[in-house]
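*Asks:* Once you've had a glance at the structure underneath, I'll fire off some questions.
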Amino acid sequence: MAISTKIQNYMERASWIRKMFEQGIELKAKIGADKVFDFSLGNPNLEPPEKVRRTILGVMADERPGKHAYMPNAGLKETRAAVATFLAKEHGLPITWEQVIMTCGAGGALNVALKTILDPGDEVIVLSPYFVEYLFYTDNHCGVGKLAKTNEDFTLNLKEIDSAINSKTKAIILNSPNNPSGRIYDENSIKKLGKLFENIKKNKGQHIYILSDEPYSKIVYEGAKVPSIFQAYGESIVATSYSKDLSLPGERIGYLAVNPRMENWKQVVDGLTFCNRILGFVNAPALMQRILPKLQGVSVDVAQYKWKRDNLCRGLAEAGYSFIKPEGAFYLFPKCPIPDDVKFVSLLLEENILAVPGTGFGTPGHFRLAYCVEDKVIEGSFEGFRRALLKASR
């Protein structure tokens with residue numbers, strides 16, 4: 001039996017990241033992994049902090065029964081309380097355990113949030129460049145993705161956002177630090193965005209949610225700080241995970257946090273909890289929930305990612321590439337030397353370099369490099385980058 005036409009069409013146009021990753025597997029098998037320079041997938045190469053390993057072992061050594069059992073759909077109260085205490089300090093707001101829902105990663109969190117707030121046909125503003133799954137997540141719950149461009153330097157373009165708003169607009173997804181650009185949206189722009197939505201609510205009675213996707217919020221450089229969306233706007237929800245800051249992407253553990261200043265926040269939390277169940281997640285992984293109370297504020301050594309960023313930026317700048325130095329996350333999003341980003345990525349592939357075309361992120365003319373890789377991958381790629389640039393200039 002054939003799969004649905006809709007899914008077949010989706011598979012044909014997405015995802016560039018997976019396509020390049022799978023090509024990398026084939027190439028490594030053919031010529032050897034040491035000869036392939038794979039920047040395709042944002043899979044953290046740093047091991048989790050030692051405290052994570054010790055905490056897991058401590059939980060497993062606890063012989064009390066029930067540690068793998070079902071729990072309330074929103075998660076363990078003690079875990080939610082630990083997360084809430086940490087968030088309250090970060091945002092300067094009285095966030096409580098009742099406003100936190102543990103989820104199966106940030107992807108699960110976003111799907112739960114969209115399922116909860118969207119009616120069929122509601123629109124969700126997605127800023128380009130964007131994480132490739134946002135449009136699919138929106139469609140999963142009968143919503144419609146509405147694209148709005150950021151500025152040339154990937155900062156927020158409030159005019160573009162304003163022009164994308166209509167009577168069907170229900171939410172906007174923010175991702176800061178951004179995947180793929182590494183841009184942190186500045187505090188002034190976030191405040192202006194909050195004010196824009198507040199004015200719409202006041203003048204039109206229309207409530208627009210901000211869904212802030214923040215899995216990279218702890219991977220920041222030069223003392224940068226991700227502005228608090230909770231301080232800027234009441235109708236806001238944070239979706240995040242521990243995939244990047246604790247290097248636990250395969251464990252699928254994250255959470256949703258609802259702004260305590262949100263109108264009817266209790267109803268929203270109840271909806272999120274219900275959708276966490278009916279989407280089939282049931283609850284976030286039990287073992288991971290049990291380790292989190294002891295790991296709030298713990299993170300991988302971000303200095304190692306900074307070194308990789310600086311090294312890659314140096315090498316590409318010397319080769320002649322143009323880019324904006326990322327403020328956070330572990331992605332670089334250079335300009336292509338030719339308009340056709342898919343063609344240029346194929347030139348890189350001839351040099352055994354795996355990158356992802358900007359077309360996959362809604363921003364043609366760029367390509368993404370995930371530098372959460374071994375240092376030797378970065379160092380070994382520079383000659384290939386130079387040769388690809390020379391080929392493109394012919």
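Residues in the structure tokens are named by chain (A, B, ... in the order shown) and by number from 1 within that chain; ligands are numbered from 1 in the order shown.
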Env of Pro72 in chain A: 12 Å cut, atoms = only C-alpha atoms, seq-sep filter 6 positions within chain, self excluded. Answer as a PyMOL selection string.
*Replies:* chain A and resi 78-80+101-103+270+273-274+276-277+281-286
*Asks:* Could you save those same residues with C-alpha atoms as a PDB file, in the first residue's frame?
*Replies:*
```pdb
ATOM      1  CA  GLU A  78      10.009  17.377  42.036  1.00  0.00           C
ATOM      2  CA  THR A  79      11.497  17.708  38.545  1.00  0.00           C
ATOM      3  CA  ARG A  80       9.053  20.403  37.514  1.00  0.00           C
ATOM      4  CA  ILE A 101       5.451  20.483  31.694  1.00  0.00           C
ATOM      5  CA  MET A 102       8.173  17.918  31.051  1.00  0.00           C
ATOM      6  CA  THR A 103       8.319  16.797  27.407  1.00  0.00           C
ATOM      7  CA  ASP A 270      -4.143  21.873  31.374  1.00  0.00           C
ATOM      8  CA  THR A 273      -0.750  18.377  29.747  1.00  0.00           C
ATOM      9  CA  PHE A 274      -3.687  16.794  27.913  1.00  0.00           C
ATOM     10  CA  ASN A 276       1.263  15.592  25.982  1.00  0.00           C
ATOM     11  CA  ARG A 277      -0.854  12.483  26.584  1.00  0.00           C
ATOM     12  CA  PHE A 281       4.190  10.923  24.420  1.00  0.00           C
ATOM     13  CA  VAL A 282       2.288  10.053  27.648  1.00  0.00           C
ATOM     14  CA  ASN A 283       5.116  11.513  29.723  1.00  0.00           C
ATOM     15  CA  ALA A 284       8.741  12.488  29.305  1.00  0.00           C
ATOM     16  CA  PRO A 285      11.340   9.725  29.930  1.00  0.00           C
ATOM     17  CA  ALA A 286      11.283   8.783  33.606  1.00  0.00           C
TER      18      ALA A 286
END
```
*Asks:* Pull the closest atom pair for each residue of range 21-115 of chain A that gets at most 9 Å from range 379-394 of chain A, along with the distance in Å to one decimal, counting only C-alpha atoms, ordering rows by chain and then ascending residue number, as JSON lines.
*Replies:*
```
{"residue": "A:Lys35", "atom": "CA", "partner": "A:Gly380", "partner_atom": "CA", "distance": 8.5}
{"residue": "A:Val36", "atom": "CA", "partner": "A:Ser381", "partner_atom": "CA", "distance": 8.5}
{"residue": "A:Phe37", "atom": "CA", "partner": "A:Ser381", "partner_atom": "CA", "distance": 6.0}
```
*Asks:* Of the candidates A:Glu198, A:Glu47, A:Glu152, A:Asp341, which shows the shortest atom-to-atom distance to Val302 in chain A, using only C-alpha atoms?
*Replies:* A:Glu47
*Asks:* Give me the residues near Glu22 in chain A as an mmCIF file with C-alpha atoms, in the first residue's frame, where near means some atom within 12 Å (using only C-alpha atoms) and where sequence neighbours in that chain fewer than 2 positions away do not count.
*Replies:*
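Contents of the output file around-v6.cif:
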```
data_model
loop_
_atom_site.group_PDB
_atom_site.id
_atom_site.type_symbol
_atom_site.label_atom_id
_atom_site.label_comp_id
_atom_site.auth_asym_id
_atom_site.auth_seq_id
_atom_site.Cartn_x
_atom_site.Cartn_y
_atom_site.Cartn_z
ATOM 1 C CA SER A 15 14.874 17.335 4.803
ATOM 2 C CA TRP A 16 18.120 18.573 3.300
ATOM 3 C CA ILE A 17 19.891 17.895 6.584
ATOM 4 C CA ARG A 18 19.032 14.208 6.531
ATOM 5 C CA LYS A 19 19.799 13.930 2.827
ATOM 6 C CA MET A 20 23.302 15.249 3.365
ATOM 7 C CA GLY A 24 27.849 11.270 4.316
ATOM 8 C CA ILE A 25 27.280 7.740 5.590
ATOM 9 C CA GLU A 26 27.642 6.388 2.055
ATOM 10 C CA LEU A 27 30.745 8.475 1.378
ATOM 11 C CA LYS A 28 32.423 7.432 4.616
ATOM 12 C CA ALA A 29 31.799 3.774 3.819
ATOM 13 C CA ASP A 38 30.875 16.131 7.729
ATOM 14 C CA SER A 40 25.693 18.241 8.056
ATOM 15 C CA LEU A 41 24.064 17.349 11.367
ATOM 16 C CA LEU A 354 29.148 17.817 3.667
ATOM 17 C CA ALA A 355 27.135 21.017 4.142
ATOM 18 C CA VAL A 356 23.429 21.828 3.958
#
```
*Asks:* Work out how far CA of Val226 in chain A is from CA of Asn166 in chain A, in Å to one decimal.
*Replies:*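 Interatomic distance here is 28.1 Å.
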*Asks:* Rank nothing, just name the residue among A:Lys170, A:Tyr130, A:Arg368, A:Ala69 nearest to Val342 in chain A, using only C-alpha atoms.
*Replies:*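 Between A:Lys170, A:Tyr130, A:Arg368, A:Ala69, the residue approaching Val342 in chain A most closely is A:Arg368.
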*Asks:* A:His68, A:Lys308, A:Lys159, A:Lys192: which is nearest Gln231 in chain A, counting only C-alpha atoms?
*Replies:*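 Among A:His68, A:Lys308, A:Lys159, A:Lys192, it is A:Lys192 that comes nearest to Gln231 in chain A.
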*Asks:* Asp62 in chain A: which residues within 12 Å, counting only C-alpha atoms, same-chain residues fewer than 6 positions away excluded, as a PDB file with N, CA and C atoms, in the first residue's frame?
*Replies:*
```
ATOM      1  N   THR A  55      25.225  11.236  38.161  1.00  0.00           N
ATOM      2  CA  THR A  55      23.829  11.343  38.594  1.00  0.00           C
ATOM      3  C   THR A  55      22.999  10.182  38.061  1.00  0.00           C
ATOM      4  N   ILE A  56      23.230   9.809  36.804  1.00  0.00           N
ATOM      5  CA  ILE A  56      22.516   8.661  36.246  1.00  0.00           C
ATOM      6  C   ILE A  56      22.837   7.396  37.023  1.00  0.00           C
ATOM      7  N   HIS A  68      10.715   3.513  37.062  1.00  0.00           N
ATOM      8  CA  HIS A  68      10.426   3.438  35.630  1.00  0.00           C
ATOM      9  C   HIS A  68       8.922   3.418  35.353  1.00  0.00           C
ATOM     10  N   LEU A 287      13.639   8.133  33.617  1.00  0.00           N
ATOM     11  CA  LEU A 287      14.997   8.172  34.141  1.00  0.00           C
ATOM     12  C   LEU A 287      15.608   9.555  33.974  1.00  0.00           C
ATOM     13  N   ARG A 290      14.368  12.042  36.470  1.00  0.00           N
ATOM     14  CA  ARG A 290      14.882  11.852  37.831  1.00  0.00           C
ATOM     15  C   ARG A 290      16.285  12.412  38.022  1.00  0.00           C
ATOM     16  N   ILE A 291      17.029  12.586  36.939  1.00  0.00           N
ATOM     17  CA  ILE A 291      18.376  13.135  37.098  1.00  0.00           C
ATOM     18  C   ILE A 291      18.374  14.666  37.080  1.00  0.00           C
TER      19      ILE A 291
END
```
*Asks:* Calculate how many Å separate CA of Val377 in chain A from CA of Pro177 in chain A, rounding to one decimal.
*Replies:*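 Answer for the CA of Val377 in chain A to CA of Pro177 in chain A separation: 23.6 Å.
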*Asks:* Compile the contact shell of Lys335 in chain A as number ranges by chain: residues with an atom at most 10 Å away, counting only C-alpha atoms, same-chain residues fewer than 2 positions apart removed.
*Replies:* A: 321-324, 332-333, 337-339, 341, 358, 364-368
*Asks:* Okay, now the selection with C-alpha atoms, as a PDB file, in the first residue's frame?
*Replies:*
```
ATOM      1  CA  TYR A 321      34.177  33.275   2.399  1.00  0.00           C
ATOM      2  CA  SER A 322      31.728  35.869   3.722  1.00  0.00           C
ATOM      3  CA  PHE A 323      29.659  35.219   6.848  1.00  0.00           C
ATOM      4  CA  ILE A 324      28.274  36.708  10.040  1.00  0.00           C
ATOM      5  CA  LEU A 332      27.845  28.881  10.744  1.00  0.00           C
ATOM      6  CA  PHE A 333      25.716  30.150   7.828  1.00  0.00           C
ATOM      7  CA  PRO A 337      29.931  32.505  -3.740  1.00  0.00           C
ATOM      8  CA  ILE A 338      27.327  31.720  -6.438  1.00  0.00           C
ATOM      9  CA  PRO A 339      23.540  32.250  -6.318  1.00  0.00           C
ATOM     10  CA  ASP A 341      23.355  27.184  -3.050  1.00  0.00           C
ATOM     11  CA  GLY A 358      20.323  27.395   2.731  1.00  0.00           C
ATOM     12  CA  PRO A 364      18.724  30.386  -0.563  1.00  0.00           C
ATOM     13  CA  GLY A 365      22.196  31.727  -1.275  1.00  0.00           C
ATOM     14  CA  HIS A 366      23.692  30.432   1.969  1.00  0.00           C
ATOM     15  CA  PHE A 367      24.853  27.089   3.328  1.00  0.00           C
ATOM     16  CA  ARG A 368      24.964  25.731   6.867  1.00  0.00           C
TER      17      ARG A 368
END
```
*Asks:* Where in range 168-384 of chain A does DSSP assign strand (DSSP E or B), given as a PyMOL selection string?
*Replies:* chain A and resi 169-175+209-213+220+236-241+254-258+328+331-332+335+353-354+356-357+366-370
*Asks:* Which of these residues is nearest to Gly92 in chain A, using only C-alpha atoms: A:Ser217, A:Thr169, A:Gln206, A:Ser228?
*Replies:*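 Of A:Ser217, A:Thr169, A:Gln206, A:Ser228, the one nearest Gly92 in chain A is A:Ser228, counting only C-alpha atoms.
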*Asks:* As a PyMOL selection string, please: the residues near Leu156 in chain A (cut-off 7 Å, only C-alpha atoms, same-chain neighbours under 6 positions excluded).
*Replies:* chain A and resi 150+185+189
*Asks:* Using only C-alpha atoms, which protein or nucleic acid residues come within 10 Å of Asp162 in chain A? Drop anything in the same chain fewer than 2 positions from it, and give the result as a VMD selection string.
*Replies:* chain A and resid 148 157 to 160 164 to 166 193 196 to 197
*Asks:* Mind giving me the straight-line distance from CA of Glu12 in chain A to CA of Glu133 in chain A in Å, one decimal?
*Replies:*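 One can read the CA of Glu12 in chain A to CA of Glu133 in chain A distance as 14.0 Å.
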*Asks:* Mind running range 123-198 of chain A against range 240-247 of chain A at 12 Å and telling me each contacting residue's nearest atom pair with the distance in Å (one decimal), counting only C-alpha atoms, chain and number ascending, as a tab-separated table?
*Replies:*
```
residue	atom	partner	partner_atom	distance
A:Leu174	CA	A:Thr240	CA	11.6
A:Asn175	CA	A:Thr240	CA	10.0
A:Ser176	CA	A:Thr240	CA	10.9
A:Pro177	CA	A:Thr240	CA	11.8
```
